[in-house]
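Source file my_file_10.txt; content: compact mmCIF, C-alpha atoms and all ligand atoms.
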```
# COMPACT_ATOMS: atom_id res chain seq x y z
CA MET A 18 20.86 50.56 -23.91
CA ALA A 19 18.36 48.50 -21.86
CA ASN A 20 14.80 49.79 -21.59
CA ILE A 21 14.85 51.53 -18.23
CA SER A 22 11.09 52.18 -17.98
CA ARG A 23 10.08 48.50 -18.09
CA GLU A 24 11.84 47.61 -14.87
CA SER A 25 9.70 47.00 -11.80
CA ASN A 26 9.36 49.53 -8.99
CA LYS A 27 11.82 48.07 -6.50
CA LEU A 28 15.39 47.00 -6.93
CA ARG A 29 16.00 43.26 -6.77
CA ALA A 30 18.43 41.85 -4.27
CA ALA A 31 21.88 41.22 -5.72
CA PRO A 32 22.55 37.58 -6.67
CA LEU A 33 24.45 35.45 -4.18
CA ASP A 34 27.29 34.87 -6.62
CA LEU A 35 28.10 38.59 -6.84
CA PRO A 36 31.93 38.90 -6.74
CA SER A 37 33.27 39.82 -3.31
CA SER A 38 34.76 43.01 -4.80
CA LEU A 39 31.18 44.21 -5.34
CA ARG A 40 29.61 42.66 -2.24
CA ASP A 41 32.03 44.67 -0.12
CA VAL A 42 30.05 47.93 -0.26
CA VAL A 43 32.61 50.28 1.33
CA GLU A 44 35.73 50.87 -0.73
CA TYR A 45 38.78 52.60 0.71
CA ARG A 46 40.21 55.11 -1.75
CA LYS A 47 43.11 57.41 -1.22
CA SER A 48 40.69 60.30 -1.66
CA GLY A 49 38.09 59.00 0.80
CA LEU A 50 35.52 56.24 1.19
CA SER A 51 33.18 55.10 -1.54
CA LEU A 52 29.79 53.54 -0.72
CA ASN A 53 28.30 51.25 -3.37
CA HIS A 54 25.36 49.19 -2.18
CA VAL A 55 23.64 49.32 -5.57
CA VAL A 56 25.26 47.43 -8.44
CA GLY A 57 24.25 47.29 -12.11
CA CYS A 58 23.57 49.86 -14.81
CA PRO A 59 21.74 49.92 -18.15
CA LEU A 60 23.58 52.87 -19.66
CA ASP A 61 26.26 50.93 -21.61
CA CYS A 62 29.12 53.48 -21.61
CA GLY A 63 31.92 51.83 -23.60
CA TYR A 64 34.56 52.96 -21.09
CA CYS A 65 32.66 51.81 -17.96
CA VAL A 66 34.86 50.71 -15.08
CA ARG A 67 32.51 47.74 -14.54
CA HIS A 68 34.43 46.04 -17.37
CA LEU A 69 37.14 45.57 -14.75
CA PHE A 70 34.78 43.92 -12.24
CA ASP A 71 33.19 41.48 -14.71
CA ASN A 72 29.90 43.22 -14.03
CA TYR A 73 29.23 45.01 -17.32
CA ASP A 74 26.47 42.57 -18.30
CA MET A 75 24.39 43.35 -15.20
CA LYS A 76 22.11 45.91 -16.84
CA ARG A 77 19.52 46.07 -14.08
CA PRO A 78 20.57 47.76 -10.81
CA HIS A 79 20.50 45.41 -7.78
CA LEU A 80 20.54 46.15 -4.07
CA VAL A 81 23.42 44.56 -2.14
CA MET A 82 22.07 45.67 1.26
CA ASP A 83 19.54 48.19 2.48
CA ASP A 84 20.43 51.83 3.04
CA GLU A 85 20.46 51.66 6.85
CA GLU A 86 22.87 48.73 6.83
CA ALA A 87 25.07 50.40 4.22
CA VAL A 88 25.29 53.62 6.23
CA GLN A 89 26.28 51.62 9.32
CA ALA A 90 28.98 49.84 7.29
CA LEU A 91 30.29 53.22 6.13
CA ILE A 92 30.39 55.01 9.47
CA GLY A 93 31.73 51.87 11.18
CA HIS A 94 34.61 51.54 8.68
CA TRP A 95 38.07 51.79 10.26
CA ALA A 96 38.98 54.75 8.03
CA PHE A 97 35.82 56.79 8.60
CA ARG A 98 36.18 60.03 10.55
CA SER A 99 33.08 62.04 11.35
CA HIS A 100 33.02 65.47 9.65
CA ILE A 101 36.35 64.78 7.88
CA THR A 102 36.46 61.74 5.58
CA PRO A 103 35.28 62.59 2.04
CA ILE A 104 32.52 60.23 0.87
CA GLN A 105 31.42 59.17 -2.60
CA ILE A 106 28.09 57.42 -3.15
CA PHE A 107 27.31 55.03 -6.05
CA ASN A 108 30.35 55.95 -8.15
CA ARG A 109 31.58 52.46 -9.00
CA ALA A 110 28.85 50.24 -10.38
CA THR A 111 25.72 52.24 -11.18
CA ASP A 112 24.50 55.75 -11.88
CA PRO A 113 23.04 57.33 -8.71
CA LEU A 114 20.26 59.23 -10.50
CA LEU A 115 18.75 56.27 -12.36
CA PRO A 116 15.06 55.61 -11.59
CA ARG A 117 14.73 53.54 -8.37
CA VAL A 118 18.46 53.93 -7.66
CA LYS A 119 17.95 57.57 -6.80
CA GLU A 120 15.52 56.71 -4.00
CA HIS A 121 18.43 54.92 -2.35
CA LEU A 122 20.74 57.85 -3.04
CA HIS A 123 18.38 60.32 -1.37
CA ARG A 124 17.67 58.00 1.56
CA THR A 125 21.38 57.37 2.14
CA LEU A 126 22.15 61.09 2.06
CA GLU A 127 19.30 61.81 4.48
CA LEU A 128 20.42 59.09 6.89
CA LEU A 129 23.97 60.49 6.97
CA ASP A 130 22.67 64.03 7.28
CA GLY A 131 20.40 62.91 10.13
CA TYR A 132 23.50 61.94 12.13
CA GLY A 133 24.63 65.55 11.94
CA LEU A 134 27.65 64.61 9.80
CA THR A 135 29.25 67.46 7.87
CA ASN A 136 31.51 65.33 5.66
CA SER A 137 31.98 66.27 2.03
CA VAL A 138 29.96 63.97 -0.27
CA LEU A 139 30.47 63.58 -4.02
CA VAL A 140 27.72 62.28 -6.30
CA ILE A 141 28.67 61.70 -9.95
CA THR A 142 25.95 61.31 -12.59
CA ARG A 143 25.39 61.47 -16.32
CA TRP A 144 21.64 60.91 -15.95
CA HIS A 145 18.66 63.22 -15.37
CA VAL A 146 18.88 65.48 -12.33
CA GLU A 147 15.32 66.73 -11.91
CA ARG A 148 13.97 69.73 -10.04
CA GLU A 149 12.58 67.45 -7.31
CA ASP A 150 16.05 65.93 -6.84
CA VAL A 151 17.60 69.36 -6.42
CA GLU A 152 14.90 70.34 -3.91
CA ARG A 153 15.62 67.21 -1.89
CA PHE A 154 19.38 67.82 -2.02
CA GLU A 155 18.79 71.36 -0.80
CA ARG A 156 16.88 70.12 2.26
CA LEU A 157 20.06 68.50 3.64
CA SER A 158 21.41 70.65 6.40
CA ASN A 159 24.74 69.12 7.45
CA LEU A 160 26.50 67.23 4.64
CA LYS A 161 28.52 69.25 2.13
CA LEU A 162 27.11 67.84 -1.09
CA THR A 163 28.70 68.30 -4.52
CA VAL A 164 27.09 66.88 -7.66
CA LEU A 165 29.43 66.22 -10.59
CA VAL A 166 27.62 66.11 -13.92
CA THR A 167 29.50 63.94 -16.39
CA TRP A 168 29.51 65.30 -19.94
CA SER A 169 31.66 64.14 -22.85
CA GLY A 170 30.17 65.61 -26.02
CA ILE A 171 31.08 62.31 -27.75
CA ASP A 172 28.43 61.36 -30.30
CA ASP A 173 29.75 57.92 -31.25
CA ARG A 174 27.04 55.70 -29.75
CA ARG A 175 29.42 52.72 -29.45
CA ILE A 176 31.42 54.68 -26.89
CA GLU A 177 28.92 57.15 -25.46
CA PRO A 178 25.34 55.89 -25.79
CA VAL A 179 24.00 58.53 -23.40
CA ASP A 180 23.04 61.75 -25.17
CA SER A 181 25.18 64.61 -23.83
CA THR A 182 22.15 66.92 -23.80
CA ILE A 183 20.92 64.99 -20.73
CA ALA A 184 23.94 66.22 -18.76
CA GLU A 185 23.51 69.72 -20.15
CA THR A 186 19.91 69.81 -18.91
CA SER A 187 20.91 68.38 -15.53
CA LEU A 188 23.54 71.07 -15.08
CA ALA A 189 21.02 73.78 -15.98
CA THR A 190 18.49 72.33 -13.51
CA LEU A 191 21.11 72.38 -10.76
CA ALA A 192 22.16 75.90 -11.70
CA ALA A 193 18.55 77.07 -11.40
CA GLY A 194 17.76 75.50 -8.04
CA ALA A 195 20.91 74.69 -6.09
CA HIS A 196 22.32 77.04 -3.47
CA ARG A 197 24.03 74.99 -0.79
CA THR A 198 24.56 72.05 -3.21
CA LYS A 199 27.69 72.57 -5.31
CA ARG A 200 27.74 71.55 -8.98
CA ILE A 201 30.69 70.60 -11.14
CA LEU A 202 30.95 70.11 -14.89
CA TYR A 203 32.83 66.82 -15.14
CA TRP A 204 34.18 66.67 -18.70
CA ARG A 205 35.15 63.08 -19.26
CA PRO A 206 36.53 61.13 -20.88
CA VAL A 207 38.51 63.54 -23.04
CA VAL A 208 39.93 61.40 -25.86
CA ALA A 209 42.39 62.79 -28.42
CA GLY A 210 40.74 63.05 -31.82
CA LEU A 211 37.29 62.17 -30.51
CA ASN A 212 36.10 65.08 -28.40
CA ASP A 213 38.95 67.55 -28.08
CA GLY A 214 38.12 69.78 -31.08
CA ASP A 215 37.54 73.54 -30.93
CA GLY A 216 33.74 73.17 -31.15
CA LEU A 217 33.48 70.97 -28.07
CA ILE A 218 36.00 73.02 -26.14
CA SER A 219 33.78 76.07 -26.79
CA ARG A 220 30.70 74.10 -25.70
CA ALA A 221 32.47 72.97 -22.52
CA ARG A 222 33.35 76.60 -21.85
CA GLU A 223 29.70 77.63 -22.17
CA LEU A 224 28.58 74.81 -19.87
CA ALA A 225 31.25 75.74 -17.34
CA ARG A 226 29.34 78.97 -16.74
CA LEU A 227 26.53 76.90 -15.19
CA ALA A 228 28.92 75.21 -12.77
CA ASP A 229 30.86 76.16 -9.65
CA ALA A 230 33.92 74.45 -11.15
CA THR A 231 35.01 72.28 -14.07
CA VAL A 232 37.03 69.08 -13.92
CA PHE A 233 38.33 67.16 -16.93
CA THR A 234 40.05 63.84 -17.25
CA GLY A 235 40.94 61.17 -19.80
CA LEU A 236 40.25 57.46 -20.13
CA PHE A 237 41.12 54.90 -17.51
CA HIS A 238 43.50 52.89 -19.72
CA ARG A 239 43.17 49.21 -18.98
CA GLU A 240 43.08 46.31 -21.42
CA GLU A 241 39.39 45.59 -20.71
CA ILE A 242 38.43 49.18 -21.54
CA ARG A 243 40.69 49.35 -24.58
CA ALA A 244 38.93 46.23 -25.92
S1 LIG A 301 26.67 55.36 -16.15
FE1 LIG A 301 28.50 54.76 -15.01
S2 LIG A 301 28.04 52.67 -14.27
FE2 LIG A 301 26.57 53.14 -15.91
S3 LIG A 301 27.50 52.27 -17.79
FE3 LIG A 301 28.07 54.46 -17.67
S4 LIG A 301 30.08 54.50 -16.61
FE4 LIG A 301 29.14 52.47 -16.25
```
Kindly return the structure encoded in the file as C-alpha cells.
Ligand code: SF4
Amino acid sequence: MANISRESNKLRAAPLDLPSSLRDVVEYRKSGLSLNHVVGCPLDCGYCVRHLFDNYDMKRPHLVMDDEEAVQALIGHWAFRSHITPIQIFNRATDPLLPRVKEHLHRTLELLDGYGLTNSVLVITRWHVEREDVERFERLSNLKLTVLVTWSGIDDRRIEPVDSTIAETSLATLAAGAHRTKRILYWRPVVAGLNDGDGLISRARELARLADATVFTGLFHREEIRA
C-alpha cells in the first residue's frame, strides 16, 4: 500500500491522457448517477474495479475537475431529476474518505445540499470515518445521506490489504454520532472459503448492530479481477 501521509496537501490535476471513461465524471447507472471527479487510490484492494479501467497503477488520487464544475455536470446531466435521482459520490476510482479526497467529498455534498436538493446520496468507504466527518455530514440539511462502510474480514493481505478493524471503528464512530446520516454495514466481497466461516458470520452479526442495515455481496467476476 502506498504511503498516504507523504503526499502533498492538494490533489494534483489528472493527467491529460486519462482514459475518456474516467474523464467523463458523471456515470449513468441503472440505480442512479455516479459522480467521480477524483481518480486514483493507494489502498490496493486485489478486487478493485479499477483493474477494468486500466487505472489500478494510479496510486495517488488526482482531481479531474473542481467540485463546482463537477456538481454542475451532475445536475445538468440529462438523467438528473431534482429530489429524485439517487446519487453516488466517488464510488468508482477512489475512496471518498482518504485524506485530501474527503475535502472534495464534503465540499461536493455541501454544494448539492446548498441547492436545497433532497436526493438520496450514497457514500461507500473502507477508510477512516472520523468524528469530525460525522459532524460535517450531520450539518447537511437537505440531502438524504447514507454511508456504507465496506468490511470483509479477509486477512489475506494480497486480496485485502486494508485492515478490517478500520471499518469496524468507522462504523462505531458513525453509530455514536450520526442521527440523520444513515449507516450501512457493507459486507463485501463475500468469497466462498475465504470469509464465509462461522466466526466471521458471527462478527458480521455483531457489527450489524451498529448499523441501520446490512448489505452483502460477492466478487465482481471479470477476467482482470480473477487474475
Ligand atoms: S478502496 Fe476502492 S478504489 Fe481504492 S483500491 Fe480499494 S476498491 Fe479500489
Exercise. When the cut-off is 10 Å and you count all atoms listed in the file, which residues lie near ligand LIG 301 (chain A), shown as a PyMOL selection string?
Worked result: chain A and resi 18+56-68+72-76+78+107-115+141-144+167+176-179
Problem set entry | Between atom CA of A:Pro36 and atom CA of A:His54, distance in Å (one decimal) |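 According to the coordinates, atom CA of A:Pro36 and atom CA of A:His54 are separated by 13.0 Å.
Using all atoms listed in the file for every distance, the candidate list A:Thr231, A:Ala192, A:Ile242, A:Gln89 yields A:Gln89 as the residue closest to A:Tyr132.
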Problem set entry | Interatomic distance, atom CA of A:Leu236 to atom CA of A:Gly170 (Å, one decimal) |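 Pair atom CA of A:Leu236 / atom CA of A:Gly170 returns 14.2 Å.
Nearest-residue note for A:Thr234: choosing from A:Ser169, A:Leu211, A:Arg175, A:Arg156, the minimum distance belongs to A:Ser169, counting only C-alpha atoms.
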Exercise. What does the distance between atom CA of A:His94 and atom CA of A:Asn136 come to in Å, to one decimal place?
Worked result: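 Atom CA of A:Asn136 lies 14.5 Å from atom CA of A:His94.
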Problem set entry | Who sits within 8 Å of A:Ser181, all atoms listed in the file, same chain under 3 positions skipped, as a VMD selection string | chain A and resid 168 to 172 184 to 185
Write out the residues from the selection above, keeping C-alpha atoms, as a tab-separated table (two decimals), in the frame of the given file.
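Contents of the output file out.tsv:
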```tsv
chain	number	residue	atom	x	y	z
A	168	TRP	CA	29.51	65.30	-19.94
A	169	SER	CA	31.66	64.14	-22.85
A	170	GLY	CA	30.17	65.61	-26.02
A	171	ILE	CA	31.08	62.31	-27.75
A	172	ASP	CA	28.43	61.36	-30.30
A	184	ALA	CA	23.94	66.22	-18.76
A	185	GLU	CA	23.51	69.72	-20.15
```
Any idea what's packed within 12 Å of A:Leu191, counting all atoms listed in the file, ignoring anything in its chain fewer than 5 positions away? Could you give it as a short mmCIF file (atom, residue, chain, number, x, y, z; two decimals) with C-alpha atoms, keeping the file's coordinate frame?
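Saved result, result17.cif, follows:
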```
data_model
loop_
_atom_site.label_atom_id
_atom_site.label_comp_id
_atom_site.auth_asym_id
_atom_site.auth_seq_id
_atom_site.Cartn_x
_atom_site.Cartn_y
_atom_site.Cartn_z
CA HIS A 145 18.66 63.22 -15.37
CA VAL A 146 18.88 65.48 -12.33
CA GLU A 147 15.32 66.73 -11.91
CA ARG A 148 13.97 69.73 -10.04
CA GLU A 149 12.58 67.45 -7.31
CA ASP A 150 16.05 65.93 -6.84
CA VAL A 151 17.60 69.36 -6.42
CA GLU A 152 14.90 70.34 -3.91
CA ARG A 153 15.62 67.21 -1.89
CA PHE A 154 19.38 67.82 -2.02
CA GLU A 155 18.79 71.36 -0.80
CA THR A 163 28.70 68.30 -4.52
CA VAL A 164 27.09 66.88 -7.66
CA LEU A 165 29.43 66.22 -10.59
CA VAL A 166 27.62 66.11 -13.92
CA ALA A 184 23.94 66.22 -18.76
CA GLU A 185 23.51 69.72 -20.15
CA THR A 186 19.91 69.81 -18.91
CA HIS A 196 22.32 77.04 -3.47
CA ARG A 197 24.03 74.99 -0.79
CA THR A 198 24.56 72.05 -3.21
CA LYS A 199 27.69 72.57 -5.31
CA ARG A 200 27.74 71.55 -8.98
CA ILE A 201 30.69 70.60 -11.14
CA LEU A 202 30.95 70.11 -14.89
CA LEU A 227 26.53 76.90 -15.19
CA ALA A 228 28.92 75.21 -12.77
CA ASP A 229 30.86 76.16 -9.65
#
```
For this session: Find, counting all atoms listed in the file, the residue in A:Asp84, A:Gly93, A:Trp204, A:Ile104 that gets nearest to A:Leu128.
Result: A:Asp84
Reconstruct N, CA and C atoms of stretch 176-211 of chain A; output as a short mmCIF file (atom, residue, chain, number, x, y, z; two decimals), keeping the file's coordinate frame.
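What landed in rebuild10.cif:
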```
data_model
loop_
_atom_site.label_atom_id
_atom_site.label_comp_id
_atom_site.auth_asym_id
_atom_site.auth_seq_id
_atom_site.Cartn_x
_atom_site.Cartn_y
_atom_site.Cartn_z
N ILE A 176 30.59 54.28 -28.04
CA ILE A 176 31.42 54.68 -26.89
C ILE A 176 30.57 55.41 -25.86
N GLU A 177 29.72 56.30 -26.36
CA GLU A 177 28.92 57.15 -25.46
C GLU A 177 27.44 57.05 -25.87
N PRO A 178 26.74 56.05 -25.39
CA PRO A 178 25.34 55.89 -25.79
C PRO A 178 24.39 56.89 -25.13
N VAL A 179 24.86 57.57 -24.10
CA VAL A 179 24.00 58.53 -23.40
C VAL A 179 24.15 59.90 -24.05
N ASP A 180 23.04 60.45 -24.48
CA ASP A 180 23.04 61.75 -25.17
C ASP A 180 23.59 62.83 -24.22
N SER A 181 24.56 63.60 -24.69
CA SER A 181 25.18 64.61 -23.83
C SER A 181 24.22 65.74 -23.45
N THR A 182 23.11 65.88 -24.18
CA THR A 182 22.15 66.92 -23.80
C THR A 182 21.49 66.61 -22.45
N ILE A 183 21.47 65.34 -22.05
CA ILE A 183 20.92 64.99 -20.73
C ILE A 183 21.75 65.68 -19.64
N ALA A 184 23.06 65.57 -19.76
CA ALA A 184 23.94 66.22 -18.76
C ALA A 184 23.80 67.73 -18.82
N GLU A 185 23.64 68.27 -20.02
CA GLU A 185 23.51 69.72 -20.15
C GLU A 185 22.25 70.21 -19.42
N THR A 186 21.16 69.45 -19.58
CA THR A 186 19.91 69.81 -18.91
C THR A 186 20.05 69.65 -17.40
N SER A 187 20.72 68.60 -16.97
CA SER A 187 20.91 68.38 -15.53
C SER A 187 21.69 69.53 -14.90
N LEU A 188 22.72 69.96 -15.59
CA LEU A 188 23.54 71.07 -15.08
C LEU A 188 22.70 72.34 -14.99
N ALA A 189 21.87 72.58 -16.00
CA ALA A 189 21.02 73.78 -15.98
C ALA A 189 20.00 73.69 -14.84
N THR A 190 19.46 72.50 -14.60
CA THR A 190 18.49 72.33 -13.51
C THR A 190 19.16 72.60 -12.16
N LEU A 191 20.38 72.12 -12.00
CA LEU A 191 21.11 72.38 -10.76
C LEU A 191 21.41 73.87 -10.63
N ALA A 192 21.82 74.48 -11.74
CA ALA A 192 22.16 75.90 -11.70
C ALA A 192 20.95 76.74 -11.29
N ALA A 193 19.77 76.30 -11.70
CA ALA A 193 18.55 77.07 -11.40
C ALA A 193 18.10 76.91 -9.96
N GLY A 194 18.37 75.75 -9.34
CA GLY A 194 17.76 75.50 -8.04
C GLY A 194 18.71 75.25 -6.89
N ALA A 195 20.00 75.08 -7.17
CA ALA A 195 20.91 74.69 -6.09
C ALA A 195 21.60 75.92 -5.49
N HIS A 196 21.63 75.95 -4.17
CA HIS A 196 22.32 77.04 -3.47
C HIS A 196 23.41 76.47 -2.57
N ARG A 197 23.00 75.58 -1.66
CA ARG A 197 24.03 74.99 -0.79
C ARG A 197 24.68 73.78 -1.47
N THR A 198 24.00 73.19 -2.47
CA THR A 198 24.56 72.05 -3.21
C THR A 198 25.49 72.57 -4.30
N LYS A 199 26.74 72.12 -4.28
CA LYS A 199 27.69 72.57 -5.31
C LYS A 199 27.54 71.71 -6.55
N ARG A 200 27.87 72.28 -7.71
CA ARG A 200 27.74 71.55 -8.98
C ARG A 200 29.03 71.71 -9.78
N ILE A 201 29.45 70.60 -10.37
CA ILE A 201 30.69 70.60 -11.14
C ILE A 201 30.44 70.01 -12.52
N LEU A 202 30.94 70.68 -13.55
CA LEU A 202 30.95 70.11 -14.89
C LEU A 202 32.13 69.13 -14.94
N TYR A 203 31.80 67.86 -15.15
CA TYR A 203 32.83 66.82 -15.14
C TYR A 203 33.01 66.35 -16.58
N TRP A 204 33.97 66.93 -17.28
CA TRP A 204 34.18 66.67 -18.70
C TRP A 204 35.07 65.44 -18.82
N ARG A 205 34.41 64.33 -19.17
CA ARG A 205 35.15 63.08 -19.26
C ARG A 205 34.40 62.05 -20.05
N PRO A 206 35.08 61.13 -20.70
CA PRO A 206 36.53 61.13 -20.88
C PRO A 206 36.91 62.00 -22.06
N VAL A 207 37.99 62.77 -21.91
CA VAL A 207 38.51 63.54 -23.04
C VAL A 207 39.46 62.61 -23.80
N VAL A 208 39.15 62.35 -25.07
CA VAL A 208 39.93 61.40 -25.86
C VAL A 208 40.45 62.13 -27.10
N ALA A 209 41.76 62.09 -27.29
CA ALA A 209 42.39 62.79 -28.42
C ALA A 209 41.74 62.35 -29.74
N GLY A 210 41.32 63.33 -30.52
CA GLY A 210 40.74 63.05 -31.82
C GLY A 210 39.25 62.75 -31.79
N LEU A 211 38.71 62.54 -30.61
CA LEU A 211 37.29 62.17 -30.51
C LEU A 211 36.45 63.33 -30.00
#
```
